Amino acid sequence: MFLFQLLPFLWAVSANADFFQFDTISNASTYYFNYIYCNIWEGECQPNQDDTTQQVPTRDLWAGFPQDYISLLSQWYCSLGQCCESGDCRITNNITGLASDLQLKLHGQHLAQSVVLKAVQGFISNPESNKPLTLSFHGWSGTGKNFVARIVADNMYRDGVKSECVRLFIAPFHFPHARLVDTYKGQLREAIRDMVLRCPQTLFIFDEAEKLHPGLIDAIKPYMDHYDNVDGVSYRRAVFLFLSNIGGTTINDVALDFWHSGQNREDIGMEDLEHRLRAEAMESQGGFAQSELMSGHLIDFFVPFLPLEYRHVKLCARDAYAARGLEPDEGTLDEVAKAMLYVPKEERLFSAQGCKSIPQRINFFLP
């Protein structure tokens with residue numbers, strides 16, 4: 001019976017065959033090849049294209065179909081057991097898992113653990129929020145910004161960062177050329193709008209956000225503002241994460257001051273950092289400082305990631321070994337931690353690389 005209901009939809013696909021344009025397919029293929037090569041932003045992504053072929057693919061294929069046909073397709077999808085009683089199976093919103101992962105897997109980041117958990121929990125528990133949730137992660141490379149973004153995705157969505165409700169944008173990779181900023185604006189707006197229409201709750205991650213052109217941020221600023229809708233679409237159930245190195249030196253200076261004064265790093269509070277991060281972000285070079293995102297006070301929380309110490313590097317090494325099913329002794333963990341570069345040179349206190357290179361470095365210590 002349902003097949004007959006689906007026939008109009010199949011006819012629409014045939015009638016709209018022009019949607020399957022070869023240039024669009026080619027662009028999407030190029031994009032996804034590079035996306036996989038980057039391995040969800042951990043590979044060596046080398047933006048090297050001088051044209052618009054490396055554009056953000058937008059799922060405009062369905063734009064020409066009536067909503068009735070899309071609803072029929074959705075019903076058919078659910079009839080195959082792909083829908084949950086709670087709603088969209090793609091969305092899990094596992095706050096218990098988020099709290100556990102932040103506590104057990106993230107090392108040396110008590111502020112990020114607390115702020116991210118409270119922010120995400122508050123957003124999920126308040127379906128009537130008056131704006132999307134916008135978080136800005138700050139700190140040196142390797143301190144856990146990407147890692148926490150993954151943890152958030154893993155616990156909000158069944159398929160984590162691979163979910164069709166999650167989109168990752170790497171500033172120098174997806175938007176490498178300033179002269180194409182107007183093209184990028186249209187692609188980015190369309191990609192965000194398309195996903196919001198397809199998923200009742202979405203997550204957008206902008207890595208290396210300090211390298212975004214201010215025009216790009218301003219182009220999507222309305223989606224993060226206090227609007228009921230923008231052109232008939234509500235963005236209030238979206239989460240925006242901006243990851244940047246802005247403020248890394250400021251965060252390290254505060255941590256070093258606490259260490260010199262004999263205080264525990266766990267005593268560092270948001271009151272010691274948030275206002276300084278906000279000020280530095282306003283004064284920094286790049287898209288952040290010049291965008292309306294800052295002047296409009298649309299970032300809900302500036303989340304500091306502290307520099308990692310020797311003991312935290314050992315914990316990261318332990319986790320890397322455990323991921324391979326190995327149980328190293330303390331001596332081996334010490335060897336891995338000692339091989340890292342630490343600053344300042346006199347105290348050798350903070351890992352200059354954080355934990356980012358640990359999974360590769362342990363290869364040198366395997367039997």
# chains A, B, ... in the order shown; residues from 1 in each chain; ligands from 1
>>> residues_around(residues="A:Gly144", least_positions_apart="4", cutoff="9 Å", atoms="only C-alpha atoms", output="PyMOL selection string")
chain A and resi 106-107+109+139-140+148-149+305+354-356
>>> write_last_selection(atoms="N, CA and C atoms", output="CSV table (one decimal), in the first residue's frame")
chain,number,residue,atom,x,y,z
A,106,LEU,N,39.0,13.6,29.8
A,106,LEU,CA,39.6,14.9,29.6
A,106,LEU,C,40.5,15.2,30.8
A,107,HIS,N,41.7,15.4,30.6
A,107,HIS,CA,42.7,15.6,31.7
A,107,HIS,C,43.1,17.1,31.8
A,109,GLN,N,41.5,19.8,32.8
A,109,GLN,CA,40.7,20.8,32.3
A,109,GLN,C,39.4,21.0,33.1
A,139,GLY,N,42.6,28.2,23.8
A,139,GLY,CA,43.8,27.6,24.4
A,139,GLY,C,44.7,27.2,23.4
A,140,TRP,N,45.9,26.8,23.9
A,140,TRP,CA,47.0,26.3,23.0
A,140,TRP,C,46.5,25.0,22.2
A,148,VAL,N,37.1,17.8,23.1
A,148,VAL,CA,35.9,18.1,23.7
A,148,VAL,C,34.8,18.3,22.7
A,149,ALA,N,35.1,18.9,21.6
A,149,ALA,CA,34.0,19.0,20.5
A,149,ALA,C,33.6,17.6,20.1
A,305,PHE,N,41.0,26.6,28.0
A,305,PHE,CA,41.6,25.3,28.1
A,305,PHE,C,43.1,25.5,28.6
A,354,GLY,N,50.8,19.9,24.2
A,354,GLY,CA,49.7,19.3,24.8
A,354,GLY,C,49.7,17.8,24.6
A,355,CYS,N,48.6,17.2,24.3
A,355,CYS,CA,48.5,15.8,24.1
A,355,CYS,C,48.3,15.4,22.7
A,356,LYS,N,48.3,16.4,21.8
A,356,LYS,CA,47.9,16.2,20.4
A,356,LYS,C,48.8,15.1,19.7
>>> closest_residue(among="A:Asp218, A:Glu190, A:Glu274, A:Glu283", to="A:Ser136", atoms="only C-alpha atoms")
A:Glu274
>>> residues_around(residues="A:Ile268", least_positions_apart="5", cutoff="12 Å", atoms="only C-alpha atoms", output="list in words")
Gly108, Gln109, His110, Leu111, Ala112, Ile251, Asn252, Asp253, Val254, Ala255, Leu256, Asp257, Phe258, Trp259, Gln263, Leu273, Glu274, Pro304, Phe305 and Leu306 of chain A
>>> residues_around(residues="A:Leu349", least_positions_apart="4", cutoff="6 Å", atoms="only C-alpha atoms", output="short mmCIF file (atom, residue, chain, number, x, y, z; two decimals) with N, CA and C atoms, in the first residue's frame")
data_model
loop_
_atom_site.label_atom_id
_atom_site.label_comp_id
_atom_site.auth_asym_id
_atom_site.auth_seq_id
_atom_site.Cartn_x
_atom_site.Cartn_y
_atom_site.Cartn_z
N GLU A 309 50.24 19.82 32.11
CA GLU A 309 51.48 19.56 32.84
C GLU A 309 51.95 18.12 32.57
N TYR A 342 58.68 21.06 26.90
CA TYR A 342 57.95 21.79 27.94
C TYR A 342 58.45 23.23 28.02
N VAL A 343 57.55 24.13 28.44
CA VAL A 343 57.87 25.55 28.62
C VAL A 343 57.27 26.02 29.96
#
>>> select_by_dssp(residues="stretch 136-334 of chain A", states="alpha helix (DSSP H)", output="VMD selection string")
chain A and resid 145 to 156 171 to 174 181 to 198 214 to 220 248 to 260 270 to 283 287 to 290 292 to 295 310 to 323 330 to 334
>>> select_by_dssp(residues="stretch 77-283 of chain A", states="strand (DSSP E)", output="ChimeraX atom specification")
/A:133-138,166-170,202-207,238-244
>>> atom_distance(atom1="atom CA of A:Leu243", atom2="atom CA of A:Met156")
18.2 Å
>>> atom_distance(atom1="atom CA of A:Ala279", atom2="atom CA of A:Arg236")
26.6 Å
>>> atom_distance(atom1="atom CA of A:Leu241", atom2="atom CA of A:Leu135")
5.0 Å
>>> closest_residue(among="A:Glu280, A:Asp182, A:Glu335, A:Glu347", to="A:His138", atoms="only C-alpha atoms")
A:Glu280
